[in-house]
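To start, the structure under review is shown below, and the notes come after it.
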Amino acid sequence: QDGKIKFQNRHTEIMLDYSPGELSEMEYCNLFHPDEEKKMKKIHDEINKGIQVPPGFTVRLVRKDGETIWTQLNGIFIAWEKRPALLAIFRDITRQRHLENQLIQSQKMEAIGGLASGIAHDINNILGGIQGNVSMLLQEKSPNEPDHRKLADIETYIKSGTGLTRRLLGFARPGDKDGKAEIKPVELTAIVDETVRIFARAHKGIRVMPEYE
């Protein structure tokens, strides 16, 4: 009434973390999140003019400790001590909002997973075509020819790309038999050797000097 809280029940005090009586005579607008100010002013004016507003709209409140909570608000003008006042009923829906956001995020990840899976399959098809041509070329080259080593390197790149798409499938579709990750011990030295060899051949200005203990 007149922008001040005239009465609150105990549940409201608990929800907003106020002690009994602390809300009395507080400015009603101070309970709302700053970003809700314009919306609440518009709704308040509509209710005051007798315009029916949609029931159960959501609005953010700020607790005494500064935490923001989501609430569902229903309001109607009544007579309080023979003068007009707004009866506002809030229901805490913070947990519900969090669950909805988690569901939305899960759906987004599922969509991204589907996209990643499709891309991975397309890349595998491309790599398969390249592999087929490289294999035919290798059959025509003797191991002593310079092109033979380059073609062998291309095969190594293809295997690396295939492994990458397999890991991408494992991320996109954990239950997909083609993308299922295989957990096993690995020899790190062999992985490092292969990676360094590929990198060194791709960048002729770099000389690799491995050291092993």
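Lettering and numbering for the structure tokens are positional, with chains as A, B, ... in the shown order, residues counted from 1 in each chain, and ligands counted from 1 in the shown order.
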
With a distance cut-off of 8 Å and only C-alpha atoms, select the neighbouring residues of range 119-122 of chain A, excluding the residue or stretch itself and same-chain residues fewer than 2 positions from it, and output the selection as a PyMOL selection string. chain A and resi 115-117+124-126+165-166+168-169

When you look at Leu86 in chain A with a cut-off of 8 Å (counting only C-alpha atoms), what residues show up, excluding the ones that are within fewer than 4 positions of it in the same chain? I need them as a PyMOL selection string. chain A and resi 1+75-78

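If you look at CA of Tyr18 in chain A and CA of Arg83 in chain A, they are 26.4 Å away from each other.
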
Long-range neighbours of Leu16 in chain A as a ChimeraX atom specification, 10 Å cut-off, only C-alpha atoms, 3 positions minimum in chain: /A:10-13,19,23,31,61-69,92

Could those selected residues go to a file with all heavy atoms, as a compact mmCIF listing (two decimals), in the first residue's frame?
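out03.txt written:
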```txt
# COMPACT_ATOMS: atom_id res chain seq x y z
N ARG A 10 4.86 -15.35 7.44
CA ARG A 10 6.16 -15.88 7.86
C ARG A 10 6.87 -16.58 6.70
O ARG A 10 8.10 -16.52 6.60
CB ARG A 10 5.95 -16.85 9.03
CG ARG A 10 7.26 -17.43 9.59
CD ARG A 10 8.20 -16.35 10.07
NE ARG A 10 9.49 -16.85 10.50
CZ ARG A 10 10.64 -16.24 10.35
NH1 ARG A 10 10.69 -15.05 9.73
NH2 ARG A 10 11.75 -16.77 10.78
N HIS A 11 6.11 -17.22 5.83
CA HIS A 11 6.73 -17.92 4.71
C HIS A 11 7.51 -16.94 3.83
O HIS A 11 8.60 -17.27 3.35
CB HIS A 11 5.66 -18.64 3.89
CG HIS A 11 6.20 -19.34 2.69
ND1 HIS A 11 6.88 -20.54 2.76
CD2 HIS A 11 6.21 -19.00 1.38
CE1 HIS A 11 7.26 -20.91 1.55
NE2 HIS A 11 6.87 -19.98 0.69
N THR A 12 6.96 -15.76 3.63
CA THR A 12 7.65 -14.75 2.82
C THR A 12 8.95 -14.32 3.48
O THR A 12 9.97 -14.14 2.82
CB THR A 12 6.74 -13.53 2.60
OG1 THR A 12 5.51 -13.95 2.01
CG2 THR A 12 7.41 -12.51 1.69
N GLU A 13 8.90 -14.15 4.80
CA GLU A 13 10.11 -13.75 5.53
C GLU A 13 11.19 -14.82 5.39
O GLU A 13 12.37 -14.50 5.18
CB GLU A 13 9.76 -13.52 7.00
CG GLU A 13 8.86 -12.31 7.21
CD GLU A 13 8.37 -12.20 8.64
OE1 GLU A 13 8.27 -13.24 9.33
OE2 GLU A 13 8.08 -11.08 9.07
N SER A 19 14.12 -11.42 9.13
CA SER A 19 13.60 -11.73 10.46
C SER A 19 12.17 -11.23 10.56
O SER A 19 11.76 -10.33 9.82
CB SER A 19 14.45 -11.07 11.54
OG SER A 19 15.80 -11.49 11.44
N LEU A 23 10.38 -6.79 7.17
CA LEU A 23 9.81 -6.35 5.90
C LEU A 23 8.78 -5.23 6.08
O LEU A 23 8.46 -4.53 5.11
CB LEU A 23 9.15 -7.52 5.17
CG LEU A 23 10.10 -8.58 4.59
CD1 LEU A 23 9.32 -9.77 4.08
CD2 LEU A 23 10.93 -7.98 3.47
N LEU A 31 12.42 -5.08 -3.20
CA LEU A 31 12.51 -6.53 -3.17
C LEU A 31 12.85 -7.11 -4.54
O LEU A 31 13.33 -8.23 -4.65
CB LEU A 31 11.18 -7.15 -2.71
CG LEU A 31 10.75 -6.86 -1.27
CD1 LEU A 31 9.42 -7.54 -0.99
CD2 LEU A 31 11.80 -7.34 -0.28
N LEU A 61 13.27 -11.85 -7.40
CA LEU A 61 13.38 -11.11 -6.15
C LEU A 61 14.81 -11.22 -5.62
O LEU A 61 15.54 -12.15 -5.98
CB LEU A 61 12.41 -11.65 -5.09
CG LEU A 61 10.92 -11.62 -5.43
CD1 LEU A 61 10.11 -12.14 -4.25
CD2 LEU A 61 10.46 -10.22 -5.81
N VAL A 62 15.19 -10.29 -4.77
CA VAL A 62 16.53 -10.31 -4.17
C VAL A 62 16.38 -10.53 -2.67
O VAL A 62 15.72 -9.75 -1.98
CB VAL A 62 17.29 -9.00 -4.44
CG1 VAL A 62 18.67 -9.05 -3.79
CG2 VAL A 62 17.41 -8.74 -5.93
N ARG A 63 16.99 -11.59 -2.18
CA ARG A 63 16.94 -11.88 -0.75
C ARG A 63 17.81 -10.89 0.03
O ARG A 63 18.62 -10.15 -0.54
CB ARG A 63 17.46 -13.31 -0.49
CG ARG A 63 16.49 -14.39 -0.93
CD ARG A 63 17.17 -15.74 -1.07
NE ARG A 63 18.07 -16.03 0.03
CZ ARG A 63 17.74 -16.76 1.10
NH1 ARG A 63 16.52 -17.28 1.21
NH2 ARG A 63 18.62 -16.99 2.04
N LYS A 64 17.66 -10.92 1.33
CA LYS A 64 18.43 -10.03 2.19
C LYS A 64 19.92 -10.25 2.02
O LYS A 64 20.72 -9.29 2.09
CB LYS A 64 18.02 -10.23 3.65
CG LYS A 64 18.71 -9.29 4.63
CD LYS A 64 18.25 -9.56 6.06
CE LYS A 64 18.96 -8.63 7.06
NZ LYS A 64 18.53 -8.89 8.46
N ASP A 65 20.32 -11.50 1.77
CA ASP A 65 21.75 -11.81 1.61
C ASP A 65 22.26 -11.51 0.21
O ASP A 65 23.41 -11.78 -0.11
CB ASP A 65 22.02 -13.27 1.97
CG ASP A 65 21.23 -14.26 1.10
OD1 ASP A 65 20.58 -13.80 0.13
OD2 ASP A 65 21.27 -15.46 1.38
N GLY A 66 21.41 -10.95 -0.66
CA GLY A 66 21.83 -10.57 -2.00
C GLY A 66 21.59 -11.63 -3.06
O GLY A 66 21.78 -11.36 -4.25
N GLU A 67 21.17 -12.82 -2.66
CA GLU A 67 20.91 -13.89 -3.63
C GLU A 67 19.64 -13.60 -4.41
O GLU A 67 18.63 -13.17 -3.84
CB GLU A 67 20.78 -15.23 -2.90
CG GLU A 67 20.48 -16.39 -3.83
CD GLU A 67 20.21 -17.68 -3.08
OE1 GLU A 67 20.40 -17.71 -1.85
OE2 GLU A 67 19.81 -18.67 -3.73
N THR A 68 19.69 -13.84 -5.70
CA THR A 68 18.52 -13.65 -6.56
C THR A 68 17.73 -14.95 -6.63
O THR A 68 18.30 -16.02 -6.84
CB THR A 68 18.93 -13.22 -7.97
OG1 THR A 68 19.62 -11.97 -7.90
CG2 THR A 68 17.71 -13.06 -8.88
N ILE A 69 16.42 -14.86 -6.47
CA ILE A 69 15.55 -16.03 -6.59
C ILE A 69 14.47 -15.74 -7.62
O ILE A 69 14.09 -14.59 -7.83
CB ILE A 69 14.92 -16.44 -5.24
CG1 ILE A 69 14.00 -15.33 -4.72
CG2 ILE A 69 15.98 -16.79 -4.21
CD1 ILE A 69 13.19 -15.75 -3.49
N ASP A 92 8.16 -19.49 -4.74
CA ASP A 92 9.57 -19.68 -5.13
C ASP A 92 9.67 -20.80 -6.16
O ASP A 92 9.33 -21.95 -5.89
CB ASP A 92 10.39 -20.03 -3.88
CG ASP A 92 11.90 -20.02 -4.17
OD1 ASP A 92 12.28 -19.97 -5.35
OD2 ASP A 92 12.69 -20.06 -3.21
```

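For Asp2 in chain A, the residues within 9 Å (counting only C-alpha atoms, excluding itself and residues fewer than 2 positions away along the chain) are Lys4, Ile5, Pro84 and Ala85 of chain A.
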
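The smallest atom-to-atom distance between Met26 in chain A and any of A:Lys6, A:Ala190, A:Trp70, A:Gln96, using only C-alpha atoms, is found for A:Lys6.
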
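For the residues A:Leu137, A:Leu188, A:Met40, A:Ile14, ranking by smallest atom-to-atom distance to Ala152 in chain A using only C-alpha atoms places A:Leu137 first.
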
Which neighbours of Glu27 in chain A fall inside 6 Å, counting only C-alpha atoms, when residues of the same chain fewer than 2 positions from it are skipped, and could you give them as a list of chain:residue names? A:Gly3, A:Lys4, A:Cys29, A:Asn30

Do you know which residues are at most 12 Å from Ile43 in chain A counting only C-alpha atoms, after dropping those on the same chain fewer than 6 positions away, and could you put them as a JSON list (two decimals) with N, CA, C and O atoms, in the first residue's frame?
```
[["chain", "number", "residue", "atom", "x", "y", "z"],
["A", 36, "GLU", "N", 14.09, -5.93, -13.15],
["A", 36, "GLU", "CA", 12.64, -6.16, -13.18],
["A", 36, "GLU", "C", 11.84, -4.88, -12.94],
["A", 36, "GLU", "O", 10.62, -4.89, -13.00],
["A", 37, "GLU", "N", 12.53, -3.78, -12.68],
["A", 37, "GLU", "CA", 11.85, -2.55, -12.25],
["A", 37, "GLU", "C", 10.81, -2.07, -13.26],
["A", 37, "GLU", "O", 9.65, -1.80, -12.90],
["A", 49, "LYS", "N", -5.20, -0.05, -12.63],
["A", 49, "LYS", "CA", -6.25, 0.44, -13.53],
["A", 49, "LYS", "C", -7.35, -0.58, -13.77],
["A", 49, "LYS", "O", -8.29, -0.33, -14.53],
["A", 50, "GLY", "N", -7.21, -1.74, -13.14],
["A", 50, "GLY", "CA", -8.22, -2.77, -13.30],
["A", 50, "GLY", "C", -8.01, -3.65, -14.52],
["A", 50, "GLY", "O", -8.88, -4.44, -14.88],
["A", 51, "ILE", "N", -6.85, -3.50, -15.17],
["A", 51, "ILE", "CA", -6.54, -4.33, -16.35],
["A", 51, "ILE", "C", -6.09, -5.71, -15.88],
["A", 51, "ILE", "O", -5.21, -5.82, -15.02],
["A", 52, "GLN", "N", -6.69, -6.73, -16.45],
["A", 52, "GLN", "CA", -6.32, -8.09, -16.05],
["A", 52, "GLN", "C", -4.97, -8.47, -16.65],
["A", 52, "GLN", "O", -4.77, -8.33, -17.85],
["A", 53, "VAL", "N", -4.07, -8.90, -15.82],
["A", 53, "VAL", "CA", -2.74, -9.33, -16.30],
["A", 53, "VAL", "C", -2.68, -10.85, -16.24],
["A", 53, "VAL", "O", -3.39, -11.48, -15.45],
["A", 54, "PRO", "N", -1.82, -11.44, -17.07],
["A", 54, "PRO", "CA", -1.71, -12.91, -17.05],
["A", 54, "PRO", "C", -1.32, -13.41, -15.67],
["A", 54, "PRO", "O", -0.39, -12.87, -15.04],
["A", 55, "PRO", "N", -2.00, -14.42, -15.16],
["A", 55, "PRO", "CA", -1.67, -14.94, -13.83],
["A", 55, "PRO", "C", -0.36, -15.73, -13.85],
["A", 55, "PRO", "O", 0.00, -16.32, -14.86],
["A", 57, "PHE", "N", 2.93, -14.82, -13.64],
["A", 57, "PHE", "CA", 4.12, -14.43, -14.39],
["A", 57, "PHE", "C", 5.34, -14.50, -13.48],
["A", 57, "PHE", "O", 5.24, -14.42, -12.26],
["A", 58, "THR", "N", 6.51, -14.67, -14.09],
["A", 58, "THR", "CA", 7.72, -14.85, -13.30],
["A", 58, "THR", "C", 8.43, -13.52, -13.08],
["A", 58, "THR", "O", 8.42, -12.64, -13.94],
["A", 59, "VAL", "N", 9.03, -13.39, -11.91],
["A", 59, "VAL", "CA", 9.75, -12.18, -11.55],
["A", 59, "VAL", "C", 10.85, -12.55, -10.57],
["A", 59, "VAL", "O", 10.69, -13.47, -9.75],
["A", 73, "LEU", "N", 4.47, -14.84, -9.53],
["A", 73, "LEU", "CA", 3.70, -13.80, -8.84],
["A", 73, "LEU", "C", 2.27, -13.74, -9.36],
["A", 73, "LEU", "O", 2.03, -13.73, -10.57],
["A", 74, "ASN", "N", 1.35, -13.71, -8.42],
["A", 74, "ASN", "CA", -0.05, -13.42, -8.72],
["A", 74, "ASN", "C", -0.44, -12.21, -7.88],
["A", 74, "ASN", "O", -0.14, -12.15, -6.68],
["A", 75, "GLY", "N", -1.10, -11.23, -8.50],
["A", 75, "GLY", "CA", -1.46, -10.02, -7.76],
["A", 75, "GLY", "C", -2.86, -9.53, -8.08],
["A", 75, "GLY", "O", -3.36, -9.71, -9.20],
["A", 76, "ILE", "N", -3.50, -8.92, -7.08],
["A", 76, "ILE", "CA", -4.83, -8.37, -7.26],
["A", 76, "ILE", "C", -5.00, -7.21, -6.29],
["A", 76, "ILE", "O", -4.47, -7.23, -5.16],
["A", 77, "PHE", "N", -5.71, -6.18, -6.69],
["A", 77, "PHE", "CA", -5.95, -5.06, -5.78],
["A", 77, "PHE", "C", -7.12, -5.37, -4.86],
["A", 77, "PHE", "O", -8.15, -5.89, -5.29],
["A", 86, "LEU", "N", -2.31, -3.66, -2.85],
["A", 86, "LEU", "CA", -2.03, -4.79, -3.74],
["A", 86, "LEU", "C", -1.75, -6.03, -2.91],
["A", 86, "LEU", "O", -0.85, -6.04, -2.06],
["A", 88, "ALA", "N", -0.14, -9.44, -3.12],
["A", 88, "ALA", "CA", 0.81, -10.15, -3.98],
["A", 88, "ALA", "C", 1.15, -11.50, -3.36],
["A", 88, "ALA", "O", 1.49, -11.59, -2.17]]
```

Where in range 92-180 of chain A does DSSP assign alpha helix (DSSP H), given as a ChimeraX atom specification? /A:94-139,146-172

Counting only C-alpha atoms, the option among A:Asp147, A:Val186, A:His44, A:Leu87 closest to Phe7 in chain A: A:Leu87

Might you pull out every residue within 10 Å of Ser135 in chain A, with only C-alpha atoms counted and same-chain residues fewer than 3 positions away left off, and present them as an MDAnalysis selection string? chainID A and resid 130:132 138:140 151:152 155

Selected residues written out, C-alpha atoms, as an mmCIF file, in the first residue's frame:
```cif
data_model
loop_
_atom_site.group_PDB
_atom_site.id
_atom_site.type_symbol
_atom_site.label_atom_id
_atom_site.label_comp_id
_atom_site.auth_asym_id
_atom_site.auth_seq_id
_atom_site.Cartn_x
_atom_site.Cartn_y
_atom_site.Cartn_z
ATOM 1 C CA ILE A 130 41.725 -40.191 -49.956
ATOM 2 C CA GLN A 131 42.996 -43.425 -48.423
ATOM 3 C CA GLY A 132 41.801 -45.433 -51.413
ATOM 4 C CA LEU A 138 51.624 -46.555 -53.289
ATOM 5 C CA GLN A 139 51.266 -49.762 -55.293
ATOM 6 C CA GLU A 140 52.781 -47.959 -58.268
ATOM 7 C CA LEU A 151 52.392 -40.880 -49.749
ATOM 8 C CA ALA A 152 53.216 -42.869 -46.616
ATOM 9 C CA GLU A 155 48.502 -42.327 -44.901
#
```

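Within range 13-156 of chain A, residues classed as strand (DSSP E) by DSSP on backbone coordinates are A:Phe57, A:Thr58, A:Val59, A:Arg60, A:Leu61, A:Val62, A:Thr68, A:Ile69, A:Trp70, A:Thr71, A:Gln72, A:Leu73, A:Asn74, A:Gly75, A:Ile76, A:Phe77, A:Ile78, A:Ala79, A:Trp80, A:Arg83, A:Pro84, A:Ala85, A:Leu86, A:Leu87, A:Ala88, A:Ile89, A:Phe90, A:Arg91, A:Asp92.
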